[in-house]
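The next block is model-v3.txt, given as compact mmCIF, C-alpha atoms and all ligand atoms.
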```txt
# COMPACT_ATOMS: atom_id res chain seq x y z
CA MET K 1 0.00 0.00 0.00
CA ILE K 2 3.01 2.27 0.57
CA THR K 3 6.08 1.36 -1.45
CA ILE K 4 9.30 3.21 -0.80
CA ASP K 5 11.97 2.49 -3.37
CA ASN K 6 15.59 3.42 -2.73
CA ILE K 7 14.91 6.93 -1.45
CA LYS K 8 17.70 9.32 -0.63
CA LYS K 9 17.49 12.74 0.94
CA ASN K 10 20.18 15.23 1.65
CA PHE K 11 19.95 18.60 3.33
CA GLY K 12 23.02 20.33 1.81
CA ALA K 13 26.02 18.13 2.55
CA LEU K 14 24.10 16.09 5.14
CA GLN K 15 22.84 12.73 3.84
CA VAL K 16 19.77 12.11 6.00
CA LEU K 17 18.23 9.15 4.12
CA ASP K 18 20.61 6.85 2.31
CA GLY K 19 18.81 4.39 0.05
CA ILE K 20 15.75 3.31 2.04
CA SER K 21 13.38 0.72 0.53
CA LEU K 22 10.25 -0.48 2.33
CA SER K 23 6.93 -2.05 1.57
CA LEU K 24 4.15 -1.23 4.05
CA ASN K 25 0.84 -3.09 3.99
CA ARG K 26 -2.71 -2.79 5.32
CA GLY K 27 -3.53 -4.55 8.58
CA HIS K 28 0.03 -4.07 9.80
CA SER K 29 1.27 -1.50 12.22
CA TYR K 30 4.90 -0.53 11.91
CA ALA K 31 7.18 0.74 14.64
CA LEU K 32 9.66 3.18 13.09
CA ILE K 33 12.56 3.28 15.53
CA GLY K 34 16.03 4.75 15.56
CA PRO K 35 18.27 7.11 17.53
CA ASN K 36 17.59 10.86 17.52
CA GLY K 37 18.45 12.29 14.11
CA SER K 38 18.39 8.91 12.31
CA GLY K 39 15.82 10.13 9.77
CA LYS K 40 12.45 8.90 11.10
CA THR K 41 10.60 12.22 10.77
CA THR K 42 12.24 12.79 7.37
CA ILE K 43 10.79 9.46 6.10
CA ILE K 44 7.36 10.41 7.42
CA LYS K 45 7.55 13.86 5.84
CA SER K 46 8.71 12.32 2.56
CA ILE K 47 5.63 10.06 2.50
CA LEU K 48 3.45 13.10 3.22
CA GLY K 49 5.15 15.13 0.48
CA LEU K 50 6.31 17.71 3.03
CA VAL K 51 9.92 16.87 2.21
CA VAL K 52 10.94 16.45 -1.43
CA ILE K 53 13.21 13.42 -1.77
CA SER K 54 16.51 13.78 -3.64
CA SER K 55 16.11 10.45 -5.50
CA GLY K 56 14.08 7.23 -5.48
CA SER K 57 10.30 6.97 -5.47
CA ILE K 58 7.31 6.59 -3.16
CA HIS K 59 4.00 5.05 -4.21
CA VAL K 60 0.81 5.24 -2.13
CA GLU K 61 -1.84 2.73 -3.23
CA GLY K 62 0.02 2.31 -6.50
CA GLU K 63 0.26 6.01 -7.29
CA ASP K 64 3.60 7.83 -7.56
CA ILE K 65 3.28 10.70 -5.07
CA SER K 66 5.68 13.13 -6.73
CA ARG K 67 3.90 16.40 -7.48
CA GLN K 68 0.59 14.86 -6.31
CA TRP K 69 -1.61 16.05 -3.44
CA ALA K 70 -4.91 14.16 -3.65
CA TYR K 71 -3.38 10.98 -2.15
CA ARG K 72 -2.89 12.83 1.17
CA GLU K 73 -6.61 12.43 1.88
CA LYS K 74 -5.83 8.75 2.43
CA ILE K 75 -3.45 9.58 5.28
CA GLY K 76 -4.27 10.71 8.81
CA TYR K 77 -1.18 12.39 10.26
CA MET K 78 -0.49 13.17 13.87
CA PRO K 79 2.65 15.36 14.00
CA GLN K 80 5.16 15.38 16.85
CA ILE K 81 4.16 18.98 17.59
CA GLY K 82 0.86 20.19 16.10
CA ARG K 83 1.03 23.77 14.91
CA TYR K 84 -2.30 25.58 14.56
CA PRO K 85 -3.39 29.20 14.14
CA ASP K 86 -2.97 30.71 17.62
CA ASN K 87 -6.24 32.61 17.79
CA MET K 88 -8.44 29.91 16.37
CA LYS K 89 -10.79 28.12 18.76
CA ILE K 90 -10.71 24.30 18.86
CA GLY K 91 -14.27 24.16 17.52
CA GLN K 92 -13.38 26.49 14.63
CA LEU K 93 -10.39 24.32 13.77
CA PHE K 94 -12.56 21.20 13.47
CA ASP K 95 -15.18 23.16 11.45
CA MET K 96 -12.48 24.45 9.12
CA MET K 97 -11.05 20.96 8.54
CA MET K 98 -14.53 19.55 7.87
CA ASN K 99 -15.24 22.36 5.40
CA ILE K 100 -12.00 21.73 3.55
CA ARG K 101 -12.76 18.01 3.37
CA LYS K 102 -16.47 18.29 2.47
CA ASN K 103 -16.90 15.01 0.60
CA SER K 104 -14.91 12.73 2.80
CA GLY K 105 -17.60 10.25 3.83
CA THR K 106 -18.33 9.17 7.39
CA LEU K 107 -16.59 11.06 10.14
CA ASP K 108 -14.96 9.28 13.06
CA GLU K 109 -15.55 11.53 16.06
CA GLU K 110 -14.71 8.88 18.66
CA LEU K 111 -11.60 10.66 19.96
CA ILE K 112 -13.42 14.02 20.13
CA GLU K 113 -15.87 12.28 22.46
CA THR K 114 -13.41 10.20 24.50
CA PHE K 115 -11.11 13.17 25.06
CA ARG K 116 -14.16 15.34 25.83
CA LEU K 117 -12.91 17.95 23.37
CA ARG K 118 -16.39 19.33 22.74
CA ASP K 119 -16.30 20.85 26.25
CA LEU K 120 -13.19 22.77 25.14
CA PHE K 121 -14.44 23.92 21.70
CA ASP K 122 -14.40 27.59 22.82
CA LYS K 123 -10.77 27.54 23.93
CA ARG K 124 -8.21 29.22 21.70
CA MET K 125 -5.29 27.15 20.45
CA HIS K 126 -2.62 29.34 22.08
CA THR K 127 -4.16 28.77 25.52
CA LEU K 128 -3.98 24.96 25.33
CA SER K 129 -1.68 22.73 27.38
CA GLY K 130 0.71 20.51 25.44
CA GLY K 131 -1.40 17.44 26.23
CA THR K 132 -4.66 19.02 25.03
CA ARG K 133 -2.93 20.09 21.83
CA GLN K 134 -1.87 16.43 21.37
CA LYS K 135 -5.47 15.32 21.86
CA VAL K 136 -6.61 17.77 19.17
CA SER K 137 -3.91 16.43 16.81
CA ALA K 138 -4.95 12.83 17.52
CA ALA K 139 -8.66 13.57 17.01
CA LEU K 140 -7.89 15.29 13.68
CA ALA K 141 -5.69 12.42 12.46
CA PHE K 142 -8.54 9.90 12.92
CA LEU K 143 -11.43 12.23 11.99
CA PHE K 144 -11.77 11.44 8.29
CA ASN K 145 -11.44 7.67 8.76
CA PRO K 146 -8.33 7.41 6.54
CA PRO K 147 -6.98 3.97 5.52
CA ILE K 148 -3.44 5.03 6.52
CA LEU K 149 -2.42 6.55 9.86
CA ILE K 150 0.99 8.07 10.48
CA LEU K 151 1.57 8.89 14.12
CA ASP K 152 4.76 10.70 15.19
CA GLU K 153 5.32 10.15 18.94
CA PRO K 154 1.54 9.88 19.52
CA THR K 155 1.58 9.26 23.28
CA ALA K 156 4.23 11.87 24.20
CA GLY K 157 2.85 14.45 26.63
CA LEU K 158 -0.51 12.71 27.20
CA ASP K 159 -1.73 11.85 30.71
CA PRO K 160 -1.83 8.08 31.51
CA VAL K 161 -5.59 7.69 31.04
CA SER K 162 -5.52 9.47 27.67
CA VAL K 163 -2.57 7.31 26.61
CA GLU K 164 -4.71 4.22 27.19
CA PHE K 165 -7.65 5.73 25.25
CA LEU K 166 -5.38 6.52 22.33
CA LYS K 167 -3.71 3.11 22.38
CA ASP K 168 -7.13 1.39 22.34
CA LYS K 169 -8.12 3.50 19.37
CA ILE K 170 -4.92 2.71 17.46
CA LEU K 171 -5.41 -1.04 18.07
CA LYS K 172 -9.04 -0.84 17.00
CA GLU K 173 -8.10 0.82 13.70
CA LYS K 174 -5.27 -1.65 13.10
CA ASN K 175 -7.68 -4.54 13.66
CA ALA K 176 -10.07 -2.90 11.19
CA GLY K 177 -7.34 -3.39 8.55
CA LYS K 178 -5.69 0.03 8.43
CA LEU K 179 -2.01 0.63 7.80
CA ILE K 180 -0.39 2.31 10.78
CA LEU K 181 3.11 3.76 11.03
CA ILE K 182 4.24 4.91 14.48
CA THR K 183 7.44 6.48 15.72
CA SER K 184 8.08 6.44 19.42
CA HIS K 185 10.90 6.09 21.89
CA ILE K 186 8.56 4.26 24.29
CA MET K 187 9.22 0.58 23.67
CA SER K 188 6.39 -0.72 25.88
CA ASP K 189 3.84 1.28 23.82
CA LEU K 190 5.27 -0.03 20.58
CA ASP K 191 5.27 -3.57 21.96
CA GLU K 192 1.51 -3.31 22.51
CA LEU K 193 0.66 -1.49 19.30
CA THR K 194 2.85 -2.71 16.47
CA THR K 195 3.34 -5.88 14.43
CA ASP K 196 6.50 -4.96 12.51
CA LEU K 197 9.76 -3.22 13.30
CA ILE K 198 11.67 -0.83 11.08
CA TYR K 199 15.00 0.18 12.59
CA LEU K 200 16.89 3.12 11.13
CA TYR K 201 20.46 4.11 11.86
CA GLU K 202 22.13 7.15 10.32
CA GLY K 203 19.69 7.21 7.42
CA LYS K 204 20.06 3.50 6.62
CA LEU K 205 17.64 0.66 7.20
CA LEU K 206 19.30 -1.73 9.64
CA TYR K 207 16.36 -4.06 10.31
CA SER K 208 12.86 -4.54 8.93
CA ASN K 209 10.88 -7.62 9.97
CA PRO K 210 7.80 -8.76 11.88
CA ILE K 211 8.26 -8.29 15.64
CA LYS K 212 7.32 -11.95 16.23
CA GLN K 213 10.29 -12.94 14.09
CA LEU K 214 12.60 -10.52 15.94
CA LYS K 215 11.53 -11.98 19.27
CA ARG K 216 12.00 -15.54 17.99
CA GLU K 217 15.44 -14.73 16.54
CA THR K 218 16.67 -13.08 19.72
CA GLY K 219 14.90 -15.28 22.29
CA HIS K 220 13.56 -12.17 24.04
CA ASP K 221 9.88 -11.66 24.74
CA LYS K 222 10.04 -7.88 25.28
CA LEU K 223 10.54 -5.57 22.28
CA GLY K 224 13.09 -3.37 24.12
CA LYS K 225 15.33 -6.34 24.99
CA ALA K 226 14.93 -7.93 21.55
CA LEU K 227 15.82 -4.64 19.88
CA SER K 228 18.97 -4.05 21.92
CA SER K 229 20.06 -7.59 21.21
CA ILE K 230 19.66 -7.12 17.44
CA ILE K 231 21.45 -3.74 17.56
CA ILE K 232 24.46 -5.26 19.34
CA GLN K 233 24.46 -8.13 16.85
CA THR K 234 24.30 -5.75 13.83
CA GLN K 235 27.11 -3.59 15.21
CA ASN K 236 29.29 -6.69 15.61
CA ASP K 237 28.64 -7.86 12.01
N1 LIG K 301 14.88 21.01 7.12
C1 LIG K 301 16.07 20.51 7.52
N2 LIG K 301 17.21 21.12 7.20
C2 LIG K 301 18.43 20.63 7.55
N3 LIG K 301 18.59 19.48 8.25
C3 LIG K 301 17.48 18.82 8.61
C4 LIG K 301 16.17 19.29 8.27
N4 LIG K 301 15.25 18.41 8.76
C5 LIG K 301 15.97 17.44 9.39
N5 LIG K 301 17.30 17.69 9.30
C6 LIG K 301 18.37 16.84 9.85
O1 LIG K 301 18.15 15.53 9.39
C7 LIG K 301 18.54 14.56 10.36
C8 LIG K 301 17.38 13.61 10.61
O2 LIG K 301 16.32 14.33 11.25
P1 LIG K 301 14.93 13.65 11.60
O3 LIG K 301 14.08 14.72 12.21
O4 LIG K 301 14.41 12.93 10.43
O5 LIG K 301 15.38 12.61 12.74
P2 LIG K 301 14.51 11.72 13.72
O6 LIG K 301 15.01 10.32 13.54
O7 LIG K 301 13.06 11.94 13.47
O8 LIG K 301 14.95 12.28 15.15
P3 LIG K 301 14.18 12.41 16.59
O9 LIG K 301 14.18 11.03 17.19
O10 LIG K 301 15.08 13.33 17.34
O11 LIG K 301 12.81 12.96 16.34
C9 LIG K 301 18.98 15.37 11.58
O12 LIG K 301 20.38 15.47 11.57
C10 LIG K 301 18.33 16.73 11.37
O13 LIG K 301 19.09 17.74 11.97
```

Have the structure of the file written as structure tokens, please.
Amino acid sequence: MITIDNIKKNFGALQVLDGISLSLNRGHSYALIGPNGSGKTTIIKSILGLVVISSGSIHVEGEDISRQWAYREKIGYMPQIGRYPDNMKIGQLFDMMMNIRKNSGTLDEELIETFRLRDLFDKRMHTLSGGTRQKVSAALAFLFNPPILILDEPTAGLDPVSVEFLKDKILKEKNAGKLILITSHIMSDLDELTTDLIYLYEGKLLYSNPIKQLKRETGHDKLGKALSSIIIQTQND
């Protein structure tokens, strides 16, 4: 459903992505992991067309995304830090998004309800706490029921109860057959939410396999332990 073929990206002299190829499919949820600066957000932004790749290609549902925009309706994106017009009220933001996306079929307002965002519709974006801003970003990502969800550090900054709500929602959508790509540094969250691991290191793909296979190969039952074991092994190769 998303095919990434040998993509490279450099910012000036800095090679940030160095020949990444991946095939991402529906019904799977992928943990995109790697040290700070390894290129995770750059891959996500390349899929979204927010970063223009230097070479290679990306296809979403068979369509080459270069110079295309319509495909983005198929993707719900929750950014690491959501940036919204400061003076806009939460309610106005949702209205605006619904107006822009008039013909997008059934809305999924479950997170608006679970996070009780309707009670906050009159609050202006610049007055929101970091966690509330995250809830708005999450609710927007799921709102148009997209077949693909890309979530950049989705649980960061959320209170423990909201984290559980969001994790339940992610699992529900995965089980409904959606394609989910998640970056996070919280291994226990990824262990619960994801089926496949993509490990990046300095812009290169070091490991990409089902998590079950990783656990079998390493003999560890926890993702964090299994991952460190594979990293040590790869560094020794
Ligand atoms: N617009 C830009 N201009 C120049 N360099 C950039 C730009 N965007 C990202 N970089 C650099 O690209 C590298 C990869 O950044 P990226 O944000 O993709 O990493 P990441 O794996 O998501 O990191 P983190 O875990 O810290 O979020 C970093 O060295 C970063 O400084």

Show me, as a tab-separated table, the residues of chain K having an atom within 7 Å of ligand LIG 301 (chain K), each with the closest atom pair and its distance in Å, using only C-alpha atoms and all ligand atoms.
```
residue	atom	partner	partner_atom	distance
K:Phe11	CA	K:LIG301	C2	4.9
K:Val16	CA	K:LIG301	O1	5.1
K:Gly34	CA	K:LIG301	O6	6.0
K:Pro35	CA	K:LIG301	O9	5.7
K:Asn36	CA	K:LIG301	O9	3.4
K:Gly37	CA	K:LIG301	O5	3.4
K:Ser38	CA	K:LIG301	O6	3.9
K:Gly39	CA	K:LIG301	O4	3.2
K:Lys40	CA	K:LIG301	O6	3.8
K:Thr41	CA	K:LIG301	O7	3.7
K:Thr42	CA	K:LIG301	O4	3.8
K:Ile43	CA	K:LIG301	O4	6.6
```

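Separating atom CA of K:Ile44 from atom CA of K:Ile150 is a distance of 7.4 Å.
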
Problem set entry | Interatomic distance (Å, one decimal) between atom CA of K:Glu61 and atom CA of K:Lys172 |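 Value for the atom CA of K:Glu61-atom CA of K:Lys172 distance: 21.8 Å.
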
Exercise. Nearest to K:Phe115: which of K:Ser162, K:Asn175, K:Ser129, K:Asn99 is it, counting all atoms listed in the file?
Worked result: K:Ser162

For this session: Fewer than 3 positions away in the same chain doesn't count, so skip those; otherwise give me all residues within 12 Å of K:Leu171, counting all atoms listed in the file, as JSON, numbers by chain.
Result: {"K": [27, 28, 29, 149, 164, 165, 166, 167, 168, 174, 175, 176, 177, 178, 179, 180, 182, 189, 190, 191, 192, 193, 194, 195]}

For this session: Counting only C-alpha atoms, find the residues whose atoms lie at most 12 Å from (-14.0, 10.8, 26.1) (file coordinates) and write them out as a ChimeraX atom specification.
Result: /K:109-119,135,139,161-166,169

Just want the 9 Å neighbourhood of K:Tyr84, counted on all atoms listed in the file, with same-chain residues fewer than 4 positions away dropped. Output as a PDB file with C-alpha atoms, in the coordinates of the input.
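Now in result.pdb:
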```
ATOM      1  CA  MET K  88      -8.440  29.910  16.370  1.00  0.00           C
ATOM      2  CA  LEU K  93     -10.390  24.320  13.770  1.00  0.00           C
ATOM      3  CA  MET K 125      -5.290  27.150  20.450  1.00  0.00           C
ATOM      4  CA  HIS K 126      -2.620  29.340  22.080  1.00  0.00           C
TER       5      HIS K 126
END
```

If you take only C-alpha atoms and a cut-off of 10 Å, which residues of stretch 127-227 of chain K touch stretch 120-123 of chain K, and what are their nearest atom pairs and distances in Å to one decimal, in chain and number order, as CSV?
```
residue,atom,partner,partner_atom,distance
K:Thr127,CA,K:Lys123,CA,6.9
K:Leu128,CA,K:Lys123,CA,7.4
K:Thr132,CA,K:Leu120,CA,9.3
```

Exercise. Distance atom CA of K:Gln134-atom CA of K:Met187, one decimal place?
Worked result: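 Taking atom CA of K:Gln134 and atom CA of K:Met187, their separation equals 19.5 Å.
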
For this session: Excluding stretch 210-215 of chain K and any residue of its chain fewer than 5 positions from it, enumerate the residues within 7 Å of it, using only C-alpha atoms, and give them as a list in words.
Result: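 Close residues of stretch 210-215 of chain K: Thr195, Asp196, Leu197, His220, Asp221 and Ala226 of chain K.
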
For this session: Excluding K:Thr183 and residues on its chain fewer than 6 positions from it, collect all residues at most 8 Å away from it, counting only C-alpha atoms, and give them as a list in words.
Result: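 Listed by chain and then number, they are Ala31, Leu32, Ile33, Lys40, Leu151, Asp152, Glu153 and Pro154 of chain K.
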
Within 12 Å of K:Ser46, counting all atoms listed in the file, which residues show up once you throw out same-chain ones fewer than 5 positions away? Write them as a PDB file with C-alpha atoms, in the coordinates of the input, please.
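Heads up, here's the output in around.pdb:
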```
ATOM      1  CA  ILE K   2       3.010   2.270   0.570  1.00  0.00           C
ATOM      2  CA  THR K   3       6.080   1.360  -1.450  1.00  0.00           C
ATOM      3  CA  ILE K   4       9.300   3.210  -0.800  1.00  0.00           C
ATOM      4  CA  ASP K   5      11.970   2.490  -3.370  1.00  0.00           C
ATOM      5  CA  ILE K   7      14.910   6.930  -1.450  1.00  0.00           C
ATOM      6  CA  LYS K   8      17.700   9.320  -0.630  1.00  0.00           C
ATOM      7  CA  LYS K   9      17.490  12.740   0.940  1.00  0.00           C
ATOM      8  CA  ASN K  10      20.180  15.230   1.650  1.00  0.00           C
ATOM      9  CA  VAL K  16      19.770  12.110   6.000  1.00  0.00           C
ATOM     10  CA  LEU K  17      18.230   9.150   4.120  1.00  0.00           C
ATOM     11  CA  ILE K  20      15.750   3.310   2.040  1.00  0.00           C
ATOM     12  CA  GLY K  39      15.820  10.130   9.770  1.00  0.00           C
ATOM     13  CA  LYS K  40      12.450   8.900  11.100  1.00  0.00           C
ATOM     14  CA  THR K  41      10.600  12.220  10.770  1.00  0.00           C
ATOM     15  CA  VAL K  51       9.920  16.870   2.210  1.00  0.00           C
ATOM     16  CA  VAL K  52      10.940  16.450  -1.430  1.00  0.00           C
ATOM     17  CA  ILE K  53      13.210  13.420  -1.770  1.00  0.00           C
ATOM     18  CA  SER K  54      16.510  13.780  -3.640  1.00  0.00           C
ATOM     19  CA  SER K  55      16.110  10.450  -5.500  1.00  0.00           C
ATOM     20  CA  GLY K  56      14.080   7.230  -5.480  1.00  0.00           C
ATOM     21  CA  SER K  57      10.300   6.970  -5.470  1.00  0.00           C
ATOM     22  CA  ILE K  58       7.310   6.590  -3.160  1.00  0.00           C
ATOM     23  CA  HIS K  59       4.000   5.050  -4.210  1.00  0.00           C
ATOM     24  CA  VAL K  60       0.810   5.240  -2.130  1.00  0.00           C
ATOM     25  CA  ILE K  65       3.280  10.700  -5.070  1.00  0.00           C
ATOM     26  CA  SER K  66       5.680  13.130  -6.730  1.00  0.00           C
ATOM     27  CA  ARG K  67       3.900  16.400  -7.480  1.00  0.00           C
ATOM     28  CA  ARG K  72      -2.890  12.830   1.170  1.00  0.00           C
ATOM     29  CA  ILE K 150       0.990   8.070  10.480  1.00  0.00           C
TER      30      ILE K 150
END
```

Exercise. With all atoms listed in the file as the basis for distance, which of K:Leu223, K:Ala13, K:Ile231, K:Ile100 is at the shortest distance from K:Leu200?
Worked result: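 Ranked by minimum distance to K:Leu200, first place goes to K:Ile231.
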
Each side padded by 6 Å, which centre and which edge lengths in Å (one decimal) define the axis-aligned box around the listed atoms of stretch 19-31 of chain K? Give them as JSON.
```
{"center_x": 7.6, "center_y": -0.1, "center_z": 7.3, "size_x": 34.3, "size_y": 20.9, "size_z": 26.6}
```

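Closest approach to K:Leu14 from the set K:Gly130, K:Asn236, K:Glu202, K:Ser229 is made by K:Glu202, with distances taken over all atoms listed in the file.
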
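Of the residues under consideration (K:Ser184, K:Gln80, K:Ser137, K:Thr155), K:Ser137 shows the shortest atom-to-atom contact distance to K:Met97 when counting all atoms listed in the file.
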